[in-house]
file my_file_14.txt (compact mmCIF, C-alpha atoms)
# COMPACT_ATOMS: atom_id res chain seq x y z
CA THR D 1 2.95 -18.27 -18.65
CA VAL D 2 3.66 -20.36 -21.74
CA ASN D 3 2.76 -23.58 -19.92
CA LEU D 4 -0.41 -22.06 -18.52
CA ASP D 5 -1.38 -20.87 -21.99
CA LYS D 6 -0.68 -24.34 -23.41
CA VAL D 7 -2.74 -26.13 -20.77
CA ALA D 8 -5.59 -23.65 -21.17
CA ARG D 9 -5.66 -24.24 -24.92
CA GLU D 10 -5.39 -28.04 -24.81
CA HIS D 11 -7.37 -29.12 -21.79
CA LEU D 12 -9.85 -26.41 -20.85
CA GLU D 13 -12.90 -24.75 -22.29
CA PRO D 14 -12.04 -21.24 -23.56
CA LEU D 15 -11.34 -19.20 -20.45
CA ASP D 16 -13.43 -16.16 -19.64
CA TYR D 17 -10.29 -14.45 -18.36
CA PHE D 18 -6.57 -15.08 -18.82
CA VAL D 19 -4.76 -12.44 -16.76
CA VAL D 20 -1.09 -11.97 -15.93
CA PHE D 21 0.51 -9.29 -13.78
CA SER D 22 3.37 -7.51 -15.52
CA SER D 23 5.29 -4.40 -14.46
CA ILE D 24 5.79 -0.87 -15.74
CA VAL D 25 9.47 -1.85 -15.89
CA SER D 26 8.51 -3.71 -19.06
CA GLY D 27 7.28 -0.51 -20.67
CA LYS D 28 9.65 2.16 -19.34
CA GLY D 29 12.67 0.18 -18.14
CA ASN D 30 14.66 0.50 -14.93
CA PRO D 31 18.44 0.34 -14.36
CA GLY D 32 19.54 -3.10 -13.21
CA GLN D 33 16.25 -4.80 -14.08
CA THR D 34 16.74 -5.72 -17.74
CA SER D 35 16.01 -9.42 -17.23
CA TYR D 36 12.98 -8.64 -15.09
CA GLY D 37 11.64 -6.25 -17.72
CA PHE D 38 12.27 -8.74 -20.53
CA SER D 39 10.46 -11.57 -18.73
CA ASN D 40 7.46 -9.35 -18.10
CA SER D 41 7.50 -8.26 -21.73
CA PHE D 42 7.44 -11.90 -22.81
CA MET D 43 4.27 -12.49 -20.77
CA GLU D 44 2.68 -9.57 -22.56
CA ARG D 45 3.50 -11.07 -25.96
CA VAL D 46 1.71 -14.27 -24.93
CA CYS D 47 -1.40 -12.24 -24.10
CA GLU D 48 -1.17 -10.35 -27.39
CA GLU D 49 -0.97 -13.64 -29.28
CA ARG D 50 -4.03 -14.99 -27.47
CA HIS D 51 -5.87 -11.78 -28.27
CA LYS D 52 -5.06 -12.10 -31.98
CA GLU D 53 -6.53 -15.61 -31.96
CA GLY D 54 -9.78 -14.50 -30.36
CA LEU D 55 -8.92 -15.78 -26.88
CA HIS D 56 -8.89 -13.67 -23.76
CA GLY D 57 -5.48 -12.41 -22.76
CA LEU D 58 -4.73 -9.48 -20.47
CA ALA D 59 -1.35 -8.32 -19.13
CA ILE D 60 -1.38 -5.49 -16.60
CA GLN D 61 1.74 -3.40 -16.16
CA TRP D 62 1.52 -2.42 -12.49
CA GLY D 63 3.57 0.31 -10.88
CA GLY D 64 4.58 0.10 -7.23
CA ILE D 65 2.00 -1.62 -5.01
CA GLY D 66 1.13 -0.28 -1.57
CA ASP D 67 -0.01 -1.92 1.67
CA VAL D 68 2.07 -5.10 1.18
CA GLY D 69 5.31 -6.30 -0.39
CA VAL D 70 8.76 -4.86 -1.02
CA VAL D 71 7.74 -1.23 -1.56
CA HIS D 72 5.65 -1.19 1.60
CA ASP D 73 8.14 -3.08 3.77
CA GLN D 74 11.48 -1.74 2.55
CA MET D 75 11.02 1.47 0.55
CA GLY D 76 9.04 3.83 2.75
CA GLY D 77 5.56 2.34 2.87
CA ASN D 78 2.54 3.97 1.26
CA SER D 79 4.21 7.40 1.23
CA ALA D 80 7.19 6.25 -0.88
CA ASN D 81 8.08 8.19 -4.02
CA ILE D 82 9.50 5.83 -6.64
CA ALA D 83 10.74 7.64 -9.74
CA GLY D 84 7.83 10.06 -9.60
CA THR D 85 5.21 7.44 -8.76
CA ALA D 86 3.48 6.53 -5.52
CA PRO D 87 2.44 3.05 -4.37
CA GLN D 88 -1.03 2.10 -5.58
CA ARG D 89 -3.02 0.81 -2.63
CA ILE D 90 -4.82 -2.51 -2.76
CA PRO D 91 -8.43 -1.19 -2.89
CA SER D 92 -7.43 0.98 -5.85
CA CYS D 93 -5.73 -1.99 -7.54
CA LEU D 94 -8.89 -4.07 -7.23
CA GLU D 95 -11.06 -1.30 -8.68
CA THR D 96 -8.58 -0.85 -11.53
CA LEU D 97 -8.48 -4.58 -12.23
CA ASP D 98 -12.27 -4.59 -12.52
CA LEU D 99 -12.11 -1.77 -15.08
CA PHE D 100 -9.38 -3.49 -17.10
CA LEU D 101 -11.42 -6.71 -17.29
CA GLN D 102 -14.17 -4.76 -19.03
CA GLN D 103 -12.00 -3.44 -21.88
CA ASN D 104 -10.54 -5.15 -24.93
CA ARG D 105 -6.81 -4.32 -25.01
CA PRO D 106 -4.31 -7.12 -24.33
CA VAL D 107 -1.73 -4.94 -22.54
CA VAL D 108 -2.63 -2.13 -20.16
CA GLY D 109 -0.88 -0.31 -17.34
CA SER D 110 -1.66 1.33 -14.03
CA MET D 111 0.47 3.60 -11.89
CA VAL D 112 -0.07 6.50 -9.51
CA LEU D 113 1.85 9.59 -10.55
CA VAL D 114 3.06 11.94 -7.86
CA ARG D 115 1.70 15.35 -8.73
CA LYS D 116 4.24 18.10 -8.34
CA SER D 117 2.62 20.71 -6.18
CA THR D 118 3.56 23.52 -3.87
CA PHE D 119 0.97 22.15 -1.46
CA GLU D 120 2.16 19.80 1.25
CA ILE D 121 0.05 18.24 3.96
CA ASP D 122 0.45 20.32 7.11
CA ASP D 123 -0.19 17.94 9.98
CA SER D 124 -0.73 20.88 12.33
CA LYS D 125 -3.91 21.83 10.45
CA ASN D 126 -7.21 20.04 10.81
CA LEU D 127 -8.84 18.07 8.02
CA VAL D 128 -11.31 20.80 7.05
CA GLU D 129 -8.56 23.42 6.75
CA ILE D 130 -6.44 21.16 4.55
CA VAL D 131 -9.32 20.24 2.21
CA ALA D 132 -10.40 23.88 2.02
CA HIS D 133 -6.86 24.81 1.00
CA ILE D 134 -6.90 22.17 -1.76
CA LEU D 135 -10.21 23.53 -3.05
CA GLY D 136 -8.96 27.12 -2.88
CA ILE D 137 -11.53 28.16 -0.28
CA PRO D 138 -10.07 30.92 1.93
CA ASP D 139 -12.91 31.11 4.47
CA VAL D 140 -14.77 27.90 5.31
CA SER D 141 -17.25 29.78 7.52
CA LYS D 142 -18.85 31.23 4.38
CA ILE D 143 -19.44 27.77 2.87
CA ASN D 144 -22.53 25.63 3.31
CA PRO D 145 -21.20 22.71 5.42
CA LYS D 146 -23.65 20.35 3.71
CA ALA D 147 -22.46 21.19 0.17
CA THR D 148 -20.57 18.33 -1.48
CA LEU D 149 -16.96 18.78 -2.56
CA ILE D 150 -18.07 18.32 -6.18
CA GLU D 151 -20.52 21.20 -5.75
CA LEU D 152 -17.67 23.27 -4.30
CA GLY D 153 -15.55 22.76 -7.42
CA MET D 154 -13.49 19.64 -6.74
CA ASP D 155 -11.85 18.28 -9.91
CA SER D 156 -10.06 14.97 -10.44
CA LEU D 157 -6.62 16.28 -9.43
CA MET D 158 -8.02 17.84 -6.27
CA GLY D 159 -9.72 14.51 -5.60
CA VAL D 160 -6.36 12.72 -5.71
CA GLU D 161 -4.92 15.14 -3.14
CA ILE D 162 -7.95 14.79 -0.88
CA LYS D 163 -7.70 11.01 -1.17
CA GLN D 164 -4.05 11.19 -0.06
CA VAL D 165 -4.97 13.45 2.87
CA LEU D 166 -7.62 11.03 4.15
CA GLU D 167 -5.27 8.09 3.82
CA ARG D 168 -2.41 9.87 5.59
CA LYS D 169 -4.29 11.62 8.38
CA LEU D 170 -7.07 9.11 9.08
CA ASN D 171 -5.88 5.96 7.27
CA ILE D 172 -9.24 5.78 5.51
CA VAL D 173 -9.88 4.60 1.95
CA LEU D 174 -13.16 5.33 0.17
CA PRO D 175 -14.57 4.05 -3.12
CA ILE D 176 -13.23 6.46 -5.73
CA ASN D 177 -16.66 7.90 -6.61
CA GLU D 178 -17.42 8.92 -3.02
CA TYR D 179 -14.73 11.53 -2.40
CA GLY D 180 -16.73 14.12 -4.32
CA GLN D 181 -19.80 13.40 -2.19
CA LEU D 182 -18.05 14.32 1.05
CA THR D 183 -19.05 17.53 2.80
CA PHE D 184 -17.21 19.70 5.31
CA GLU D 185 -19.75 18.58 7.88
CA LYS D 186 -18.86 14.95 7.21
CA LEU D 187 -15.13 15.70 7.24
CA LYS D 188 -15.47 17.14 10.75
CA GLU D 189 -17.29 13.99 11.87
CA MET D 190 -14.64 11.76 10.31
CA GLU D 191 -11.81 13.59 12.07
CA VAL D 192 -13.52 13.15 15.43
CA SER D 193 -14.31 9.50 14.71
CA PRO D 194 -12.22 8.04 11.85
CA THR D 195 -14.21 4.80 11.94
CA THR D 196 -17.46 6.65 11.14
CA VAL D 197 -19.37 4.71 8.50
CA ILE D 198 -20.50 6.94 5.67
CA VAL D 199 -24.04 6.25 4.53
CA GLY D 200 -24.04 4.28 1.29
CA SER D 201 -20.30 3.70 1.47
CA THR D 202 -17.94 0.80 1.93
CA ALA D 203 -15.44 3.15 3.55
CA ARG D 204 -13.15 1.56 6.09
CA ALA D 205 -10.19 2.40 8.22
CA GLN D 206 -7.14 0.49 7.09
call {"tool": "encode", "arguments": {"input": "my_file_14.txt", "output": "structure tokens"}}
result
Amino acid sequence: TVNLDKVAREHLEPLDYFVVFSSIVSGKGNPGQTSYGFSNSFMERVCEERHKEGLHGLAIQWGGIGDVGVVHDQMGGNSANIAGTAPQRIPSCLETLDLFLQQNRPVVGSMVLVRKSTFEIDDSKNLVEIVAHILGIPDVSKINPKATLIELGMDSLMGVEIKQVLERKLNIVLPINEYGQLTFEKLKEMEVSPTTVIVGSTARAQ
């Protein structure tokens, strides 16, 4: 990181972006990873120094990453629970990176907290029943099937649970702003055909 910073200062035009990937271990620590945490912390100090001098510098403290790598291959995959956090899947990481590039802090962090809940995904139930349970709807037959989940009262925490349900049952990831636009009618279609393309969406089966 120091060498990259030096080369960028001496031989290049001011960079639009200077980004390093750190770890939440730097901020919260982890037994047996003192050296790893310290090295990540050092990268963050480089970014802070660049920021003070009016240059771009961004260090992102990531939590566990899903889909690829050690957590995915050796620690339980995308359903792993690591000290109260869940792996952050790649599409979410890319969306988060885009948001971080638009703000002005030199050190930021991103992790997915596992919400403690009495609700667990019951694989014997269909998708509509599970989502209705999350929304607190006792009788789906009384609900307009074309009403969006936002219109039916979905909040951000409910959205996280619904996101996890779709990933686990159908292995589908949607852009974060589209979960609230789902309807029970669309959920039924998705369960029958998980590769269904949602109008206006970049949804895809993983």
call {"tool": "closest_atom_pairs", "arguments": {"input": "my_file_14.txt", "of": "range 73-165 of chain D", "to": "range 17-23 of chain D", "cutoff": "10 Å", "atoms": "only C-alpha atoms", "output": "tab-separated table"}}
result
residue	atom	partner	partner_atom	distance
D:Leu97	CA	D:Val19	CA	9.8
D:Leu101	CA	D:Tyr17	CA	7.9
D:Pro106	CA	D:Val19	CA	9.3
D:Val107	CA	D:Ser22	CA	9.0
D:Val108	CA	D:Ser22	CA	9.3
D:Gly109	CA	D:Ser23	CA	7.9
D:Ser110	CA	D:Ser23	CA	9.0
D:Met111	CA	D:Ser23	CA	9.7
call {"tool": "atom_distance", "arguments": {"input": "my_file_14.txt", "atom1": "CA of Leu182 in chain D", "atom2": "CA of Pro91 in chain D"}}
result
18.7 Å
call {"tool": "atom_distance", "arguments": {"input": "my_file_14.txt", "atom1": "CA of Glu178 in chain D", "atom2": "CA of Lys163 in chain D"}}
result
10.1 Å
call {"tool": "closest_residue", "arguments": {"input": "my_file_14.txt", "among": "D:Asn40, D:Ser35, D:Asn177, D:Asn3", "to": "Ser92 in chain D", "atoms": "only C-alpha atoms"}}
result
D:Asn177
call {"tool": "closest_residue", "arguments": {"input": "my_file_14.txt", "among": "D:Val68, D:Lys6, D:Leu15, D:Gln181", "to": "Val46 in chain D", "atoms": "all atoms listed in the file"}}
result
D:Lys6
call {"tool": "atom_distance", "arguments": {"input": "my_file_14.txt", "atom1": "CA of Ile162 in chain D", "atom2": "CA of Gly63 in chain D"}}
result
21.0 Å
call {"tool": "residues_around", "arguments": {"input": "my_file_14.txt", "residues": "Arg89 in chain D", "least_positions_apart": "6", "cutoff": "7 Å", "atoms": "only C-alpha atoms", "output": "list in words"}}
result
Ile65, Gly66 and Asp67 of chain D
call {"tool": "write_last_selection", "arguments": {"input": "my_file_14.txt", "atoms": "C-alpha atoms", "output": "short mmCIF file (atom, residue, chain, number, x, y, z; two decimals), in the frame of the given file"}}
result
data_model
loop_
_atom_site.label_atom_id
_atom_site.label_comp_id
_atom_site.auth_asym_id
_atom_site.auth_seq_id
_atom_site.Cartn_x
_atom_site.Cartn_y
_atom_site.Cartn_z
CA ILE D 65 2.00 -1.62 -5.01
CA GLY D 66 1.13 -0.28 -1.57
CA ASP D 67 -0.01 -1.92 1.67
#
call {"tool": "residues_around", "arguments": {"input": "my_file_14.txt", "residues": "Ala132 in chain D", "least_positions_apart": "3", "cutoff": "10 Å", "atoms": "only C-alpha atoms", "output": "PyMOL selection string"}}
result
chain D and resi 127-129+135-140+143+149+152+162+184
call {"tool": "residues_near_point", "arguments": {"input": "my_file_14.txt", "point": "(-5.7, -7.1, -22.4)", "cutoff": "6 Å", "atoms": "only C-alpha atoms", "output": "list in words"}}
result
Gly57, Leu58, Ala59, Asn104, Arg105, Pro106 and Val107 of chain D
call {"tool": "axis_aligned_box", "arguments": {"input": "my_file_14.txt", "around": "range 10-23 of chain D", "padding_each_side": "4 Å", "output": "JSON"}}
result
{"center_x": -4.1, "center_y": -16.8, "center_z": -19.3, "size_x": 26.7, "size_y": 32.7, "size_z": 19.0}
call {"tool": "closest_residue", "arguments": {"input": "my_file_14.txt", "among": "D:Thr1, D:Gln61, D:Leu157, D:Cys47", "to": "Lys28 in chain D", "atoms": "all atoms listed in the file"}}
result
D:Gln61
call {"tool": "closest_residue", "arguments": {"input": "my_file_14.txt", "among": "D:Met190, D:Val7, D:Ala80, D:Ile24", "to": "Leu166 in chain D", "atoms": "all atoms listed in the file"}}
result
D:Met190
call {"tool": "closest_residue", "arguments": {"input": "my_file_14.txt", "among": "D:Val25, D:Met158, D:Leu113, D:Ile130", "to": "Lys188 in chain D", "atoms": "all atoms listed in the file"}}
result
D:Ile130
call {"tool": "residues_near_point", "arguments": {"input": "my_file_14.txt", "point": "(8.5, -2.1, -3.0)", "cutoff": "12 Å", "atoms": "all atoms listed in the file", "output": "list in words"}}
result
Trp62, Gly63, Gly64, Ile65, Gly66, Asp67, Val68, Gly69, Val70, Val71, His72, Asp73, Gln74, Met75, Gly76, Gly77, Asn78, Ser79, Ala80, Asn81, Ile82, Thr85, Ala86, Pro87, Gln88 and Arg89 of chain D
call {"tool": "closest_residue", "arguments": {"input": "my_file_14.txt", "among": "D:Ser26, D:His56, D:Leu12, D:Ile134", "to": "Phe42 in chain D", "atoms": "all atoms listed in the file"}}
result
D:Ser26
call {"tool": "decode", "arguments": {"input": "my_file_14.txt", "residues": "range 132-178 of chain D", "atoms": "N, CA and C atoms", "output": "compact mmCIF listing (two decimals), in the first residue's frame"}}
result
# COMPACT_ATOMS: atom_id res chain seq x y z
N ALA D 132 -45.47 -14.16 3.76
CA ALA D 132 -46.63 -13.68 4.51
C ALA D 132 -46.36 -13.72 6.01
N HIS D 133 -45.68 -14.77 6.46
CA HIS D 133 -45.33 -14.87 7.88
C HIS D 133 -44.41 -13.73 8.30
N ILE D 134 -43.42 -13.42 7.45
CA ILE D 134 -42.50 -12.32 7.75
C ILE D 134 -43.25 -11.00 7.86
N LEU D 135 -44.23 -10.80 6.98
CA LEU D 135 -44.99 -9.55 6.97
C LEU D 135 -46.08 -9.53 8.04
N GLY D 136 -46.30 -10.66 8.70
CA GLY D 136 -47.35 -10.71 9.73
C GLY D 136 -48.74 -10.80 9.15
N ILE D 137 -48.86 -11.40 7.98
CA ILE D 137 -50.16 -11.55 7.32
C ILE D 137 -50.69 -12.96 7.58
N PRO D 138 -51.75 -13.11 8.36
CA PRO D 138 -52.23 -14.45 8.72
C PRO D 138 -53.00 -15.16 7.61
N ASP D 139 -53.64 -14.39 6.73
CA ASP D 139 -54.47 -15.00 5.68
C ASP D 139 -54.19 -14.32 4.35
N VAL D 140 -53.39 -14.96 3.52
CA VAL D 140 -52.99 -14.38 2.24
C VAL D 140 -54.18 -14.23 1.29
N SER D 141 -55.20 -15.06 1.46
CA SER D 141 -56.35 -15.03 0.55
C SER D 141 -57.10 -13.69 0.62
N LYS D 142 -56.90 -12.96 1.71
CA LYS D 142 -57.58 -11.68 1.88
C LYS D 142 -56.75 -10.50 1.36
N ILE D 143 -55.58 -10.81 0.79
CA ILE D 143 -54.67 -9.77 0.31
C ILE D 143 -54.72 -9.68 -1.21
N ASN D 144 -54.68 -8.45 -1.71
CA ASN D 144 -54.60 -8.24 -3.15
C ASN D 144 -53.27 -8.81 -3.66
N PRO D 145 -53.29 -9.82 -4.52
CA PRO D 145 -52.04 -10.45 -4.97
C PRO D 145 -51.15 -9.53 -5.79
N LYS D 146 -51.71 -8.40 -6.26
CA LYS D 146 -50.93 -7.46 -7.06
C LYS D 146 -50.35 -6.32 -6.22
N ALA D 147 -50.67 -6.30 -4.92
CA ALA D 147 -50.13 -5.26 -4.03
C ALA D 147 -48.65 -5.53 -3.78
N THR D 148 -47.83 -4.49 -3.80
CA THR D 148 -46.40 -4.67 -3.56
C THR D 148 -46.14 -4.92 -2.08
N LEU D 149 -45.00 -5.52 -1.79
CA LEU D 149 -44.66 -5.80 -0.39
C LEU D 149 -44.50 -4.52 0.41
N ILE D 150 -44.04 -3.46 -0.24
CA ILE D 150 -43.95 -2.15 0.43
C ILE D 150 -45.35 -1.69 0.84
N GLU D 151 -46.30 -1.83 -0.07
CA GLU D 151 -47.68 -1.42 0.22
C GLU D 151 -48.28 -2.27 1.34
N LEU D 152 -47.77 -3.48 1.50
CA LEU D 152 -48.28 -4.38 2.53
C LEU D 152 -47.55 -4.22 3.86
N GLY D 153 -46.63 -3.24 3.93
CA GLY D 153 -46.00 -2.92 5.21
C GLY D 153 -44.59 -3.42 5.40
N MET D 154 -43.92 -3.84 4.33
CA MET D 154 -42.55 -4.33 4.47
C MET D 154 -41.61 -3.20 4.90
N ASP D 155 -40.83 -3.43 5.98
CA ASP D 155 -39.81 -2.47 6.38
C ASP D 155 -38.44 -3.04 6.03
N SER D 156 -37.38 -2.31 6.39
CA SER D 156 -36.03 -2.72 5.97
C SER D 156 -35.61 -4.05 6.57
N LEU D 157 -35.98 -4.30 7.83
CA LEU D 157 -35.60 -5.56 8.46
C LEU D 157 -36.35 -6.74 7.83
N MET D 158 -37.63 -6.52 7.53
CA MET D 158 -38.39 -7.56 6.83
C MET D 158 -37.77 -7.82 5.46
N GLY D 159 -37.31 -6.74 4.82
CA GLY D 159 -36.69 -6.87 3.51
C GLY D 159 -35.45 -7.75 3.55
N VAL D 160 -34.67 -7.63 4.63
CA VAL D 160 -33.47 -8.47 4.77
C VAL D 160 -33.87 -9.94 4.87
N GLU D 161 -34.91 -10.23 5.65
CA GLU D 161 -35.36 -11.62 5.80
C GLU D 161 -35.89 -12.17 4.48
N ILE D 162 -36.64 -11.34 3.76
CA ILE D 162 -37.18 -11.79 2.47
C ILE D 162 -36.05 -12.02 1.48
N LYS D 163 -35.05 -11.17 1.51
CA LYS D 163 -33.87 -11.34 0.66
C LYS D 163 -33.20 -12.69 0.95
N GLN D 164 -33.05 -13.02 2.23
CA GLN D 164 -32.43 -14.28 2.61
C GLN D 164 -33.26 -15.48 2.16
N VAL D 165 -34.59 -15.34 2.24
CA VAL D 165 -35.48 -16.42 1.81
C VAL D 165 -35.32 -16.69 0.32
N LEU D 166 -35.31 -15.63 -0.49
CA LEU D 166 -35.17 -15.80 -1.93
C LEU D 166 -33.83 -16.42 -2.29
N GLU D 167 -32.78 -16.00 -1.58
CA GLU D 167 -31.46 -16.55 -1.87
C GLU D 167 -31.39 -18.03 -1.48
N ARG D 168 -31.99 -18.37 -0.35
CA ARG D 168 -31.90 -19.75 0.13
C ARG D 168 -32.80 -20.70 -0.64
N LYS D 169 -34.05 -20.29 -0.88
CA LYS D 169 -35.00 -21.20 -1.52
C LYS D 169 -34.85 -21.24 -3.04
N LEU D 170 -34.57 -20.08 -3.65
CA LEU D 170 -34.53 -20.02 -5.11
C LEU D 170 -33.15 -19.66 -5.67
N ASN D 171 -32.22 -19.29 -4.77
CA ASN D 171 -30.88 -18.88 -5.19
C ASN D 171 -30.94 -17.69 -6.14
N ILE D 172 -31.82 -16.74 -5.81
CA ILE D 172 -32.02 -15.55 -6.63
C ILE D 172 -31.61 -14.31 -5.85
N VAL D 173 -30.89 -13.41 -6.52
CA VAL D 173 -30.49 -12.14 -5.93
C VAL D 173 -31.08 -11.01 -6.77
N LEU D 174 -31.74 -10.07 -6.12
CA LEU D 174 -32.33 -8.92 -6.80
C LEU D 174 -31.59 -7.65 -6.41
N PRO D 175 -31.65 -6.61 -7.24
CA PRO D 175 -31.18 -5.29 -6.80
C PRO D 175 -31.94 -4.91 -5.53
N ILE D 176 -31.28 -4.29 -4.59
CA ILE D 176 -31.83 -4.08 -3.26
C ILE D 176 -33.15 -3.32 -3.28
N ASN D 177 -33.33 -2.43 -4.25
CA ASN D 177 -34.55 -1.61 -4.27
C ASN D 177 -35.75 -2.34 -4.86
N GLU D 178 -35.57 -3.57 -5.33
CA GLU D 178 -36.67 -4.26 -6.00
C GLU D 178 -37.42 -5.26 -5.11
